[in-house]
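**Student:** Here's a structure for you.
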Amino acid sequence: MRSDRAPRSLTLAAIGGLLFLHLPIVLIFVYAFTTEERTYQFPPPGLTLKWFAVAWHRADIWPPLYLSLRVATVSTAMALVLGTLAAAAMSRARFFGRDQMSLLILLPIALPGIITGMSLRSAFSVMDIPFSTFTIVLGHATFCIVIVYNNAVARFRRLSGPIVEASLDLGANGFQTFWHVILPNLGSALLAGGMLAFALSFDEVIVTTFTAGQQSTLPIWMLNELVRPRQRPVTNVVAIVVFAATFVPILIAYYLTRTGHETAGGGK
């Protein structure tokens, strides 16, 4: 009789893989509550909630947090517009070089972040563009557009052409067709793509390092704190905030795309 249960060795291997991936995250949570300020003693000598209050009153945390939120919001908005337009062109039109153009759109998510960051920094220097929030947004938009594009193009391919033609035949203009027919069909795919883009932008480090200049986003602040630590548990508290800000959108995007009809994006 055939059993559907996995072999014990395979189950143990799966458990071991999950522990390898997620145990470091658990340790971050644990050391956000430790009473020890400067060392990572295990097991922690005691547990406390005081570092959450300390983090709340640290004035140097809030500007990087606000900057990360602004950059992620603007980058996501740009990605939703440009990614959707690119997906519409790639899925609805036929032209010479279409496949090559699609590859170029996907390239930023495949390239290492350091290559993207170096190329953007060189381009900004050549064009004499000063490093600012604008340059960070442009850097993040390069991969956020790909995330939205992946989701939108998959939904466009499912969208029946005769539906659009029927709308036009019934007297709707182009805007009405887009607003009442196309956009409702794209809704969940764009929402999932936007959430993934926001999450990836919020915790981006490598590209930001090359495009931020003297500014500091929250992940850059965390990196600096790890190099020159002041209060290690505070860094772990901020890490929990970043984890929540990225995990929740990714989880929602997963449930929106779990049927497989949309592409949730490959991550960066």
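Simple scheme: letters A, B, ... for chains in structure tokens order, numbers from 1 for residues in each chain, numbers from 1 for ligands in the order shown.
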Excluding same-chain residues fewer than 6 positions from Ala244 (chain A), what lies within 10 Å of it counting only C-alpha atoms, as a list in words?

**Tutor:**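 Final neighbour list, sorted by chain and number: Ala199, Val238 and Ile250 of chain A.
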
**Student:** If you run DSSP on the backbone here, which positions in region 43-165 of chain A get helix (DSSP H, G or I)? Please write them as a short mmCIF file (atom, residue, chain, number, x, y, z; two decimals) with N, CA and C atoms, in the first residue's frame.

**Tutor:**
```
data_model
loop_
_atom_site.label_atom_id
_atom_site.label_comp_id
_atom_site.auth_asym_id
_atom_site.auth_seq_id
_atom_site.Cartn_x
_atom_site.Cartn_y
_atom_site.Cartn_z
N LYS A 50 12.60 47.37 28.23
CA LYS A 50 13.03 48.76 28.29
C LYS A 50 13.61 49.25 26.96
N TRP A 51 14.15 48.33 26.13
CA TRP A 51 14.80 48.78 24.90
C TRP A 51 13.78 49.31 23.89
N PHE A 52 12.55 48.87 23.99
CA PHE A 52 11.51 49.42 23.10
C PHE A 52 11.25 50.89 23.45
N ALA A 53 11.23 51.20 24.74
CA ALA A 53 11.08 52.61 25.15
C ALA A 53 12.30 53.42 24.77
N VAL A 54 13.49 52.83 24.92
CA VAL A 54 14.72 53.54 24.54
C VAL A 54 14.72 53.85 23.05
N ALA A 55 14.33 52.86 22.25
CA ALA A 55 14.28 53.06 20.79
C ALA A 55 13.27 54.13 20.43
N TRP A 56 12.13 54.14 21.12
CA TRP A 56 11.08 55.13 20.83
C TRP A 56 11.59 56.56 21.07
N TRP A 62 14.23 58.32 14.06
CA TRP A 62 13.03 58.77 13.34
C TRP A 62 13.31 59.34 11.95
N PRO A 63 14.31 60.20 11.74
CA PRO A 63 14.56 60.68 10.37
C PRO A 63 14.83 59.56 9.36
N PRO A 64 15.69 58.57 9.68
CA PRO A 64 15.86 57.46 8.72
C PRO A 64 14.56 56.68 8.48
N LEU A 65 13.73 56.52 9.52
CA LEU A 65 12.46 55.82 9.35
C LEU A 65 11.55 56.59 8.40
N TYR A 66 11.43 57.89 8.60
CA TYR A 66 10.58 58.70 7.73
C TYR A 66 11.12 58.68 6.30
N LEU A 67 12.43 58.74 6.13
CA LEU A 67 13.01 58.71 4.79
C LEU A 67 12.73 57.38 4.11
N SER A 68 12.86 56.28 4.84
CA SER A 68 12.57 54.97 4.25
C SER A 68 11.11 54.86 3.82
N LEU A 69 10.20 55.38 4.64
CA LEU A 69 8.79 55.34 4.28
C LEU A 69 8.50 56.19 3.05
N ARG A 70 9.11 57.38 2.97
CA ARG A 70 8.90 58.25 1.81
C ARG A 70 9.44 57.60 0.54
N VAL A 71 10.64 57.08 0.63
CA VAL A 71 11.26 56.47 -0.54
C VAL A 71 10.45 55.25 -1.01
N ALA A 72 10.05 54.40 -0.07
CA ALA A 72 9.28 53.21 -0.44
C ALA A 72 7.95 53.58 -1.06
N THR A 73 7.29 54.60 -0.52
CA THR A 73 5.99 55.02 -1.04
C THR A 73 6.11 55.58 -2.46
N VAL A 74 7.06 56.48 -2.67
CA VAL A 74 7.22 57.09 -4.00
C VAL A 74 7.71 56.06 -5.01
N SER A 75 8.65 55.21 -4.62
CA SER A 75 9.16 54.18 -5.52
C SER A 75 8.04 53.22 -5.93
N THR A 76 7.20 52.86 -4.99
CA THR A 76 6.09 51.96 -5.29
C THR A 76 5.10 52.62 -6.23
N ALA A 77 4.80 53.91 -6.01
CA ALA A 77 3.88 54.63 -6.89
C ALA A 77 4.43 54.69 -8.31
N MET A 78 5.72 55.00 -8.44
CA MET A 78 6.33 55.02 -9.77
C MET A 78 6.29 53.64 -10.42
N ALA A 79 6.57 52.62 -9.63
CA ALA A 79 6.58 51.26 -10.16
C ALA A 79 5.20 50.83 -10.63
N LEU A 80 4.16 51.21 -9.89
CA LEU A 80 2.80 50.84 -10.28
C LEU A 80 2.42 51.44 -11.63
N VAL A 81 2.81 52.68 -11.84
CA VAL A 81 2.48 53.34 -13.11
C VAL A 81 3.32 52.77 -14.25
N LEU A 82 4.64 52.81 -14.09
CA LEU A 82 5.52 52.40 -15.18
C LEU A 82 5.48 50.89 -15.41
N GLY A 83 5.41 50.12 -14.33
CA GLY A 83 5.34 48.67 -14.49
C GLY A 83 4.06 48.21 -15.18
N THR A 84 2.94 48.86 -14.85
CA THR A 84 1.68 48.51 -15.49
C THR A 84 1.68 48.89 -16.97
N LEU A 85 2.21 50.06 -17.29
CA LEU A 85 2.29 50.48 -18.69
C LEU A 85 3.19 49.54 -19.49
N ALA A 86 4.32 49.16 -18.91
CA ALA A 86 5.22 48.24 -19.60
C ALA A 86 4.57 46.88 -19.80
N ALA A 87 3.86 46.41 -18.78
CA ALA A 87 3.17 45.13 -18.91
C ALA A 87 2.10 45.17 -19.99
N ALA A 88 1.36 46.28 -20.07
CA ALA A 88 0.33 46.41 -21.10
C ALA A 88 0.95 46.38 -22.49
N ALA A 89 2.08 47.07 -22.66
CA ALA A 89 2.74 47.09 -23.97
C ALA A 89 3.27 45.70 -24.35
N MET A 90 3.87 45.01 -23.38
CA MET A 90 4.46 43.71 -23.68
C MET A 90 3.43 42.62 -23.94
N SER A 91 2.27 42.74 -23.30
CA SER A 91 1.27 41.68 -23.41
C SER A 91 0.24 41.92 -24.50
N ARG A 92 -0.02 43.19 -24.85
CA ARG A 92 -1.09 43.50 -25.79
C ARG A 92 -0.58 43.86 -27.18
N ARG A 98 10.38 42.56 -29.25
CA ARG A 98 9.53 42.52 -28.06
C ARG A 98 10.14 41.63 -26.97
N ASP A 99 10.64 40.45 -27.35
CA ASP A 99 11.21 39.55 -26.36
C ASP A 99 12.49 40.12 -25.74
N GLN A 100 13.30 40.77 -26.58
CA GLN A 100 14.52 41.39 -26.06
C GLN A 100 14.19 42.54 -25.11
N MET A 101 13.14 43.31 -25.45
CA MET A 101 12.73 44.41 -24.58
C MET A 101 12.24 43.87 -23.23
N SER A 102 11.51 42.76 -23.27
CA SER A 102 11.03 42.15 -22.03
C SER A 102 12.21 41.70 -21.15
N LEU A 103 13.25 41.17 -21.79
CA LEU A 103 14.44 40.76 -21.04
C LEU A 103 15.11 41.95 -20.39
N LEU A 104 15.18 43.08 -21.09
CA LEU A 104 15.80 44.28 -20.53
C LEU A 104 15.00 44.81 -19.34
N ILE A 105 13.68 44.68 -19.39
CA ILE A 105 12.86 45.13 -18.27
C ILE A 105 13.14 44.28 -17.03
N LEU A 106 13.33 42.98 -17.23
CA LEU A 106 13.55 42.06 -16.11
C LEU A 106 14.99 42.07 -15.60
N LEU A 107 15.90 42.65 -16.37
CA LEU A 107 17.32 42.56 -16.04
C LEU A 107 17.68 43.15 -14.67
N PRO A 108 17.12 44.29 -14.25
CA PRO A 108 17.53 44.86 -12.96
C PRO A 108 17.31 43.93 -11.77
N ILE A 109 16.30 43.07 -11.83
CA ILE A 109 16.05 42.19 -10.69
C ILE A 109 17.00 41.00 -10.70
N ALA A 110 17.61 40.72 -11.89
CA ALA A 110 18.54 39.61 -12.00
C ALA A 110 19.96 40.01 -11.69
N GLY A 113 22.81 43.58 -6.77
CA GLY A 113 22.52 44.94 -6.36
C GLY A 113 23.72 45.86 -6.44
N ILE A 114 24.92 45.32 -6.23
CA ILE A 114 26.11 46.16 -6.26
C ILE A 114 26.37 46.67 -7.68
N ILE A 115 26.04 45.86 -8.70
CA ILE A 115 26.19 46.30 -10.09
C ILE A 115 25.20 47.41 -10.40
N THR A 116 23.95 47.23 -9.97
CA THR A 116 22.95 48.27 -10.18
C THR A 116 23.35 49.56 -9.47
N GLY A 117 23.82 49.44 -8.23
CA GLY A 117 24.21 50.62 -7.48
C GLY A 117 25.38 51.35 -8.10
N MET A 118 26.40 50.61 -8.54
CA MET A 118 27.56 51.24 -9.16
C MET A 118 27.20 51.94 -10.45
N SER A 119 26.37 51.30 -11.27
CA SER A 119 25.98 51.90 -12.54
C SER A 119 25.15 53.16 -12.32
N LEU A 120 24.25 53.14 -11.35
CA LEU A 120 23.44 54.32 -11.07
C LEU A 120 24.31 55.46 -10.53
N ARG A 121 25.24 55.13 -9.66
CA ARG A 121 26.11 56.17 -9.11
C ARG A 121 26.95 56.82 -10.22
N SER A 122 27.44 55.99 -11.13
CA SER A 122 28.22 56.53 -12.25
C SER A 122 27.35 57.42 -13.14
N ALA A 123 26.13 56.96 -13.40
CA ALA A 123 25.23 57.74 -14.24
C ALA A 123 24.88 59.08 -13.61
N PHE A 124 24.61 59.07 -12.30
CA PHE A 124 24.28 60.32 -11.61
C PHE A 124 25.47 61.28 -11.62
N SER A 125 26.68 60.73 -11.48
CA SER A 125 27.87 61.57 -11.50
C SER A 125 28.09 62.18 -12.88
N VAL A 126 27.91 61.38 -13.93
CA VAL A 126 28.09 61.87 -15.30
C VAL A 126 27.08 62.97 -15.61
N THR A 133 17.08 62.40 -1.95
CA THR A 133 15.97 61.45 -1.91
C THR A 133 15.56 61.03 -3.32
N PHE A 134 15.65 61.95 -4.26
CA PHE A 134 15.30 61.66 -5.65
C PHE A 134 16.16 60.54 -6.22
N THR A 135 17.47 60.57 -5.97
CA THR A 135 18.34 59.52 -6.51
C THR A 135 18.08 58.17 -5.84
N ILE A 136 17.74 58.20 -4.54
CA ILE A 136 17.40 56.94 -3.87
C ILE A 136 16.13 56.35 -4.50
N VAL A 137 15.14 57.20 -4.75
CA VAL A 137 13.88 56.74 -5.36
C VAL A 137 14.15 56.13 -6.73
N LEU A 138 14.97 56.79 -7.54
CA LEU A 138 15.28 56.25 -8.87
C LEU A 138 15.96 54.89 -8.75
N GLY A 139 16.87 54.76 -7.79
CA GLY A 139 17.54 53.48 -7.60
C GLY A 139 16.58 52.38 -7.20
N HIS A 140 15.68 52.66 -6.28
CA HIS A 140 14.73 51.65 -5.84
C HIS A 140 13.70 51.33 -6.93
N ALA A 141 13.36 52.33 -7.73
CA ALA A 141 12.37 52.10 -8.78
C ALA A 141 12.85 51.10 -9.81
N THR A 142 14.17 50.96 -9.97
CA THR A 142 14.69 50.04 -10.99
C THR A 142 14.23 48.61 -10.75
N PHE A 143 14.20 48.18 -9.48
CA PHE A 143 13.75 46.81 -9.21
C PHE A 143 12.27 46.75 -8.82
N CYS A 144 11.73 47.84 -8.29
CA CYS A 144 10.30 47.84 -7.96
C CYS A 144 9.45 47.72 -9.22
N ILE A 145 9.88 48.36 -10.31
CA ILE A 145 9.14 48.26 -11.57
C ILE A 145 9.05 46.81 -12.02
N VAL A 146 10.13 46.06 -11.84
CA VAL A 146 10.13 44.66 -12.28
C VAL A 146 9.12 43.84 -11.49
N ILE A 147 9.02 44.10 -10.18
CA ILE A 147 8.08 43.36 -9.34
C ILE A 147 6.65 43.60 -9.81
N VAL A 148 6.30 44.86 -10.04
CA VAL A 148 4.95 45.19 -10.51
C VAL A 148 4.73 44.62 -11.90
N TYR A 149 5.73 44.73 -12.75
CA TYR A 149 5.63 44.23 -14.12
C TYR A 149 5.33 42.73 -14.13
N ASN A 150 6.04 41.96 -13.30
CA ASN A 150 5.83 40.50 -13.26
C ASN A 150 4.39 40.17 -12.92
N ASN A 151 3.83 40.86 -11.96
CA ASN A 151 2.44 40.59 -11.56
C ASN A 151 1.46 41.05 -12.63
N ALA A 152 1.68 42.24 -13.16
CA ALA A 152 0.73 42.80 -14.12
C ALA A 152 0.73 42.05 -15.43
N VAL A 153 1.91 41.66 -15.93
CA VAL A 153 1.95 40.99 -17.23
C VAL A 153 1.30 39.61 -17.15
N ALA A 154 1.42 38.94 -16.00
CA ALA A 154 0.75 37.65 -15.85
C ALA A 154 -0.76 37.81 -15.88
N ARG A 155 -1.28 38.88 -15.26
CA ARG A 155 -2.72 39.10 -15.27
C ARG A 155 -3.19 39.57 -16.65
N PHE A 156 -2.40 40.38 -17.33
CA PHE A 156 -2.77 40.82 -18.68
C PHE A 156 -2.91 39.63 -19.62
N ARG A 157 -2.06 38.63 -19.45
CA ARG A 157 -2.11 37.46 -20.32
C ARG A 157 -3.37 36.64 -20.09
N ARG A 158 -3.94 36.76 -18.90
CA ARG A 158 -5.20 36.07 -18.61
C ARG A 158 -6.41 36.87 -19.05
N GLY A 161 -8.95 39.32 -24.67
CA GLY A 161 -9.04 40.43 -25.60
C GLY A 161 -10.46 40.79 -25.99
N PRO A 162 -11.34 39.82 -26.24
CA PRO A 162 -12.72 40.15 -26.60
C PRO A 162 -13.46 40.98 -25.56
N ILE A 163 -13.06 40.91 -24.27
CA ILE A 163 -13.72 41.72 -23.24
C ILE A 163 -13.49 43.20 -23.52
N VAL A 164 -12.25 43.53 -23.85
CA VAL A 164 -11.93 44.93 -24.17
C VAL A 164 -12.66 45.35 -25.44
N GLU A 165 -12.65 44.49 -26.44
CA GLU A 165 -13.32 44.82 -27.70
C GLU A 165 -14.82 44.99 -27.48
#
```

**Student:** Find the residues near Gln231 (chain A): any atom within 12 Å, counting only C-alpha atoms, skip ones fewer than 6 places away on the same chain, and give them as a PyMOL selection string.

**Tutor:** chain A and resi 31-32+34-40+50-52+54-55+58+222+224-225+237-238

**Student:** So how many Å separate CA of Thr208 (chain A) and CA of Ala59 (chain A), to one decimal?

**Tutor:**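 Separating CA of Thr208 (chain A) from CA of Ala59 (chain A) is a distance of 21.6 Å.
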